[in-house]
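Structure first, commentary second.
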Amino acid sequence: MEPVRIGIIGVGLIGKHHIQQYSAIEGVEIAAVCDINEQEARKTAEQYQISSVYSDYRQMLARDDLTAVDVCLHNNLHAEATIAALQAGKHVYC
């Protein structure tokens with residue numbers, strides 16, 4: 001069975017916590033991370049062996065291989081990213 005491939009939008013405290021939890025689930029692969037702080041996104045990707053890093057979630061959402069995204073942004077930013085992810089055909093955890 002193919003893994004569930006997840007993209008994380010936001011690698012602050014909540015994003016990192018979610019990455020840790022997903023890492024413990026068999027059959028789940030964190031395929032990409034995204035944060036406007038590209039340096040922090042790269043640091044997080046390196047720490048968790050995540051191959052793809054984005055600073056614009058819209059670019060990440062264009063990927064055909066993501067099953068779902070996890071929106072780990074501040075509450076006031078949830079709607080825009082969540083709506084964009086749903087319009088891109090992704091399952092969304094928000």
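Each chain of the structure tokens is named A, B, ... in the order shown, its residues numbered from 1; ligands are numbered from 1 in display order.
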
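Within the 8 Å cut-off around Ile8 of chain A, using only C-alpha atoms and omitting residues fewer than 6 positions from it on the same chain, the listed residues are Gly15, Ile19, Ile30, Ala32, Val33, Cys34, Val69, Asp70, Val71 and Cys72 of chain A.
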
Original post:
Could you pull out the helix (DSSP H, G or I) residues of chain A from DSSP and send them as a PyMOL selection string?
Top reply: chain A and resi 13-23+38-47+57-61+75-87

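Proximity to Leu86 of chain A was assessed for A:Leu61, A:Ile6, A:Val53, A:Ile14 counting only C-alpha atoms; the smallest distance is recorded for A:Leu61.
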
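When only C-alpha atoms are used to measure the gap to Arg58 of chain A, the shortest distance among A:Ile9, A:Met1, A:Ala41, A:Ala79 belongs to A:Ile9.
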
So that I can see what lies close to Arg63 of chain A, please list as a PDB file with all heavy atoms, in the first residue's frame the residues with an atom at most 12 Å from it, counting only C-alpha atoms and leaving out residues fewer than 2 positions away in the same chain.
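What landed in around07.pdb:
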```pdb
ATOM      1  N   ARG A   5       0.744  10.668   1.895  1.00  0.00           N
ATOM      2  CA  ARG A   5       1.765  11.719   1.788  1.00  0.00           C
ATOM      3  C   ARG A   5       1.167  13.048   2.229  1.00  0.00           C
ATOM      4  O   ARG A   5       0.194  13.513   1.640  1.00  0.00           O
ATOM      5  CB  ARG A   5       2.304  11.778   0.369  1.00  0.00           C
ATOM      6  CG  ARG A   5       3.020  10.476  -0.022  1.00  0.00           C
ATOM      7  CD  ARG A   5       3.443  10.429  -1.462  1.00  0.00           C
ATOM      8  NE  ARG A   5       4.232  11.552  -1.890  1.00  0.00           N
ATOM      9  CZ  ARG A   5       5.564  11.657  -1.734  1.00  0.00           C
ATOM     10  NH1 ARG A   5       6.233  10.682  -1.157  1.00  0.00           N
ATOM     11  NH2 ARG A   5       6.216  12.721  -2.159  1.00  0.00           N
ATOM     12  N   ILE A   6       1.794  13.641   3.240  1.00  0.00           N
ATOM     13  CA  ILE A   6       1.260  14.844   3.872  1.00  0.00           C
ATOM     14  C   ILE A   6       2.220  16.012   3.684  1.00  0.00           C
ATOM     15  O   ILE A   6       3.435  15.855   3.783  1.00  0.00           O
ATOM     16  CB  ILE A   6       1.019  14.602   5.373  1.00  0.00           C
ATOM     17  CG1 ILE A   6      -0.014  13.495   5.550  1.00  0.00           C
ATOM     18  CG2 ILE A   6       0.581  15.877   6.072  1.00  0.00           C
ATOM     19  CD1 ILE A   6      -0.269  13.111   6.981  1.00  0.00           C
ATOM     20  N   GLY A   7       1.649  17.185   3.445  1.00  0.00           N
ATOM     21  CA  GLY A   7       2.397  18.435   3.432  1.00  0.00           C
ATOM     22  C   GLY A   7       2.014  19.242   4.660  1.00  0.00           C
ATOM     23  O   GLY A   7       0.839  19.326   5.008  1.00  0.00           O
ATOM     24  N   ALA A  31       5.851  14.546   3.182  1.00  0.00           N
ATOM     25  CA  ALA A  31       6.480  14.721   1.875  1.00  0.00           C
ATOM     26  C   ALA A  31       7.022  16.127   1.669  1.00  0.00           C
ATOM     27  O   ALA A  31       7.920  16.331   0.851  1.00  0.00           O
ATOM     28  CB  ALA A  31       5.470  14.398   0.777  1.00  0.00           C
ATOM     29  N   ALA A  32       6.475  17.105   2.413  1.00  0.00           N
ATOM     30  CA  ALA A  32       6.898  18.493   2.211  1.00  0.00           C
ATOM     31  C   ALA A  32       6.516  19.335   3.420  1.00  0.00           C
ATOM     32  O   ALA A  32       5.550  19.027   4.123  1.00  0.00           O
ATOM     33  CB  ALA A  32       6.234  19.065   0.961  1.00  0.00           C
ATOM     34  N   SER A  52      11.243  17.946   0.620  1.00  0.00           N
ATOM     35  CA  SER A  52      10.819  19.146  -0.104  1.00  0.00           C
ATOM     36  C   SER A  52      10.461  20.278   0.853  1.00  0.00           C
ATOM     37  O   SER A  52       9.770  20.065   1.848  1.00  0.00           O
ATOM     38  CB  SER A  52       9.611  18.843  -0.980  1.00  0.00           C
ATOM     39  OG  SER A  52       9.948  17.899  -1.969  1.00  0.00           O
ATOM     40  N   TYR A  54       9.124  24.463   0.954  1.00  0.00           N
ATOM     41  CA  TYR A  54       8.491  25.571   0.240  1.00  0.00           C
ATOM     42  C   TYR A  54       8.347  26.768   1.171  1.00  0.00           C
ATOM     43  O   TYR A  54       8.200  26.597   2.385  1.00  0.00           O
ATOM     44  CB  TYR A  54       7.093  25.172  -0.254  1.00  0.00           C
ATOM     45  CG  TYR A  54       7.103  24.049  -1.250  1.00  0.00           C
ATOM     46  CD1 TYR A  54       7.090  22.724  -0.837  1.00  0.00           C
ATOM     47  CD2 TYR A  54       7.143  24.319  -2.613  1.00  0.00           C
ATOM     48  CE1 TYR A  54       7.117  21.687  -1.755  1.00  0.00           C
ATOM     49  CE2 TYR A  54       7.164  23.284  -3.539  1.00  0.00           C
ATOM     50  CZ  TYR A  54       7.146  21.977  -3.099  1.00  0.00           C
ATOM     51  OH  TYR A  54       7.177  20.957  -4.004  1.00  0.00           O
ATOM     52  N   TYR A  57       2.843  28.208   0.213  1.00  0.00           N
ATOM     53  CA  TYR A  57       2.027  26.989   0.263  1.00  0.00           C
ATOM     54  C   TYR A  57       1.312  26.720  -1.051  1.00  0.00           C
ATOM     55  O   TYR A  57       1.008  25.581  -1.374  1.00  0.00           O
ATOM     56  CB  TYR A  57       1.046  26.998   1.442  1.00  0.00           C
ATOM     57  CG  TYR A  57      -0.045  28.033   1.370  1.00  0.00           C
ATOM     58  CD1 TYR A  57      -1.194  27.818   0.635  1.00  0.00           C
ATOM     59  CD2 TYR A  57       0.053  29.222   2.073  1.00  0.00           C
ATOM     60  CE1 TYR A  57      -2.210  28.761   0.573  1.00  0.00           C
ATOM     61  CE2 TYR A  57      -0.958  30.164   2.044  1.00  0.00           C
ATOM     62  CZ  TYR A  57      -2.081  29.942   1.290  1.00  0.00           C
ATOM     63  OH  TYR A  57      -3.082  30.871   1.241  1.00  0.00           O
ATOM     64  N   ARG A  58       1.053  27.741  -1.844  1.00  0.00           N
ATOM     65  CA  ARG A  58       0.381  27.534  -3.127  1.00  0.00           C
ATOM     66  C   ARG A  58       1.230  26.667  -4.060  1.00  0.00           C
ATOM     67  O   ARG A  58       0.704  25.845  -4.804  1.00  0.00           O
ATOM     68  CB  ARG A  58       0.061  28.878  -3.779  1.00  0.00           C
ATOM     69  CG  ARG A  58      -1.036  29.640  -3.060  1.00  0.00           C
ATOM     70  CD  ARG A  58      -1.113  31.088  -3.563  1.00  0.00           C
ATOM     71  NE  ARG A  58      -1.838  31.929  -2.632  1.00  0.00           N
ATOM     72  CZ  ARG A  58      -1.294  32.539  -1.575  1.00  0.00           C
ATOM     73  NH1 ARG A  58      -0.011  32.420  -1.312  1.00  0.00           N
ATOM     74  NH2 ARG A  58      -2.020  33.283  -0.772  1.00  0.00           N
ATOM     75  N   GLN A  59       2.539  26.853  -4.013  1.00  0.00           N
ATOM     76  CA  GLN A  59       3.431  26.015  -4.815  1.00  0.00           C
ATOM     77  C   GLN A  59       3.388  24.570  -4.326  1.00  0.00           C
ATOM     78  O   GLN A  59       3.370  23.641  -5.128  1.00  0.00           O
ATOM     79  CB  GLN A  59       4.860  26.546  -4.754  1.00  0.00           C
ATOM     80  CG  GLN A  59       5.042  27.856  -5.467  1.00  0.00           C
ATOM     81  CD  GLN A  59       6.454  28.400  -5.323  1.00  0.00           C
ATOM     82  OE1 GLN A  59       7.208  27.994  -4.452  1.00  0.00           O
ATOM     83  NE2 GLN A  59       6.805  29.341  -6.193  1.00  0.00           N
ATOM     84  N   MET A  60       3.354  24.392  -3.015  1.00  0.00           N
ATOM     85  CA  MET A  60       3.284  23.039  -2.468  1.00  0.00           C
ATOM     86  C   MET A  60       1.965  22.377  -2.855  1.00  0.00           C
ATOM     87  O   MET A  60       1.927  21.193  -3.194  1.00  0.00           O
ATOM     88  CB  MET A  60       3.437  23.067  -0.941  1.00  0.00           C
ATOM     89  CG  MET A  60       3.517  21.679  -0.327  1.00  0.00           C
ATOM     90  SD  MET A  60       3.749  21.718   1.463  1.00  0.00           S
ATOM     91  CE  MET A  60       2.099  22.123   2.002  1.00  0.00           C
ATOM     92  N   LEU A  61       0.874  23.135  -2.835  1.00  0.00           N
ATOM     93  CA  LEU A  61      -0.442  22.578  -3.154  1.00  0.00           C
ATOM     94  C   LEU A  61      -0.558  22.140  -4.611  1.00  0.00           C
ATOM     95  O   LEU A  61      -1.417  21.332  -4.943  1.00  0.00           O
ATOM     96  CB  LEU A  61      -1.544  23.594  -2.836  1.00  0.00           C
ATOM     97  CG  LEU A  61      -1.736  23.934  -1.363  1.00  0.00           C
ATOM     98  CD1 LEU A  61      -2.777  25.034  -1.207  1.00  0.00           C
ATOM     99  CD2 LEU A  61      -2.118  22.706  -0.558  1.00  0.00           C
ATOM    100  N   ASP A  65       1.216  14.639  -5.827  1.00  0.00           N
ATOM    101  CA  ASP A  65       1.489  13.474  -4.988  1.00  0.00           C
ATOM    102  C   ASP A  65       1.118  13.655  -3.513  1.00  0.00           C
ATOM    103  O   ASP A  65       1.306  12.738  -2.726  1.00  0.00           O
ATOM    104  CB  ASP A  65       2.963  13.076  -5.093  1.00  0.00           C
ATOM    105  CG  ASP A  65       3.897  14.136  -4.544  1.00  0.00           C
ATOM    106  OD1 ASP A  65       3.549  15.332  -4.574  1.00  0.00           O
ATOM    107  OD2 ASP A  65       4.990  13.768  -4.081  1.00  0.00           O
ATOM    108  N   LEU A  66       0.585  14.803  -3.123  1.00  0.00           N
ATOM    109  CA  LEU A  66       0.178  14.998  -1.734  1.00  0.00           C
ATOM    110  C   LEU A  66      -1.257  14.537  -1.536  1.00  0.00           C
ATOM    111  O   LEU A  66      -2.157  14.961  -2.258  1.00  0.00           O
ATOM    112  CB  LEU A  66       0.290  16.467  -1.322  1.00  0.00           C
ATOM    113  CG  LEU A  66       1.679  17.061  -1.266  1.00  0.00           C
ATOM    114  CD1 LEU A  66       1.604  18.522  -0.845  1.00  0.00           C
ATOM    115  CD2 LEU A  66       2.577  16.279  -0.335  1.00  0.00           C
ATOM    116  N   THR A  67      -1.448  13.679  -0.555  1.00  0.00           N
ATOM    117  CA  THR A  67      -2.789  13.207  -0.213  1.00  0.00           C
ATOM    118  C   THR A  67      -3.523  14.243   0.617  1.00  0.00           C
ATOM    119  O   THR A  67      -4.712  14.465   0.449  1.00  0.00           O
ATOM    120  CB  THR A  67      -2.698  11.895   0.600  1.00  0.00           C
ATOM    121  OG1 THR A  67      -1.882  10.974  -0.098  1.00  0.00           O
ATOM    122  CG2 THR A  67      -4.065  11.306   0.857  1.00  0.00           C
ATOM    123  N   ALA A  68      -2.784  14.859   1.542  1.00  0.00           N
ATOM    124  CA  ALA A  68      -3.394  15.781   2.500  1.00  0.00           C
ATOM    125  C   ALA A  68      -2.394  16.840   2.921  1.00  0.00           C
ATOM    126  O   ALA A  68      -1.188  16.685   2.752  1.00  0.00           O
ATOM    127  CB  ALA A  68      -3.861  15.004   3.727  1.00  0.00           C
ATOM    128  N   VAL A  69      -2.925  17.910   3.496  1.00  0.00           N
ATOM    129  CA  VAL A  69      -2.088  18.923   4.121  1.00  0.00           C
ATOM    130  C   VAL A  69      -2.597  19.173   5.534  1.00  0.00           C
ATOM    131  O   VAL A  69      -3.777  18.982   5.829  1.00  0.00           O
ATOM    132  CB  VAL A  69      -2.046  20.248   3.333  1.00  0.00           C
ATOM    133  CG1 VAL A  69      -1.398  20.057   1.979  1.00  0.00           C
ATOM    134  CG2 VAL A  69      -3.405  20.866   3.192  1.00  0.00           C
ATOM    135  N   ALA A  85      -6.227  24.750  -0.132  1.00  0.00           N
ATOM    136  CA  ALA A  85      -5.917  23.314  -0.138  1.00  0.00           C
ATOM    137  C   ALA A  85      -7.117  22.499  -0.599  1.00  0.00           C
ATOM    138  O   ALA A  85      -6.971  21.552  -1.379  1.00  0.00           O
ATOM    139  CB  ALA A  85      -5.461  22.866   1.250  1.00  0.00           C
ATOM    140  N   ALA A  88      -7.521  22.741  -4.196  1.00  0.00           N
ATOM    141  CA  ALA A  88      -6.486  21.958  -4.884  1.00  0.00           C
ATOM    142  C   ALA A  88      -6.770  20.460  -4.798  1.00  0.00           C
ATOM    143  O   ALA A  88      -5.989  19.653  -5.305  1.00  0.00           O
ATOM    144  CB  ALA A  88      -5.114  22.278  -4.294  1.00  0.00           C
ATOM    145  N   GLY A  89      -7.879  20.093  -4.149  1.00  0.00           N
ATOM    146  CA  GLY A  89      -8.267  18.687  -4.087  1.00  0.00           C
ATOM    147  C   GLY A  89      -7.593  17.887  -2.979  1.00  0.00           C
ATOM    148  O   GLY A  89      -7.590  16.659  -3.037  1.00  0.00           O
ATOM    149  N   LYS A  90      -7.057  18.581  -1.997  1.00  0.00           N
ATOM    150  CA  LYS A  90      -6.376  17.888  -0.901  1.00  0.00           C
ATOM    151  C   LYS A  90      -7.324  17.651   0.272  1.00  0.00           C
ATOM    152  O   LYS A  90      -8.253  18.415   0.493  1.00  0.00           O
ATOM    153  CB  LYS A  90      -5.185  18.720  -0.389  1.00  0.00           C
ATOM    154  CG  LYS A  90      -4.230  19.211  -1.435  1.00  0.00           C
ATOM    155  CD  LYS A  90      -3.579  18.116  -2.223  1.00  0.00           C
ATOM    156  CE  LYS A  90      -2.578  18.692  -3.212  1.00  0.00           C
ATOM    157  NZ  LYS A  90      -2.461  17.919  -4.419  1.00  0.00           N
TER     158      LYS A  90
END
```

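Distance annotation: of A:Ile50, A:Ile36, A:Ala62, A:Cys94, the residue with the minimal separation from Gly10 of chain A is A:Ile36; atom set is only C-alpha atoms.
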
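The coordinates place atom CA of His17 of chain A at 26.0 Å from atom CA of Gln87 of chain A.
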
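For the choices A:Leu13, A:Ala45, A:Val4, A:Ala81, the atom-to-atom distance to Ile25 of chain A is smallest for A:Val4 when using only C-alpha atoms.
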
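Per DSSP on the backbone, strand (DSSP E) in segment 3-94 of chain A comprises A:Val4, A:Arg5, A:Ile6, A:Gly7, A:Ile8, A:Ile9, A:Val28, A:Glu29, A:Ile30, A:Ala31, A:Ala32, A:Val33, A:Cys34, A:Ser52, A:Val53, A:Tyr54, A:Ala68, A:Val69, A:Asp70, A:Val71, A:His91, A:Val92, A:Tyr93.
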
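Taking atom CA of Val11 of chain A and atom CA of Glu40 of chain A as the two end points, the separation is 7.3 Å.
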
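Picture a line from atom CA of Asp35 of chain A to atom CA of Ser55 of chain A; it runs 4.9 Å.
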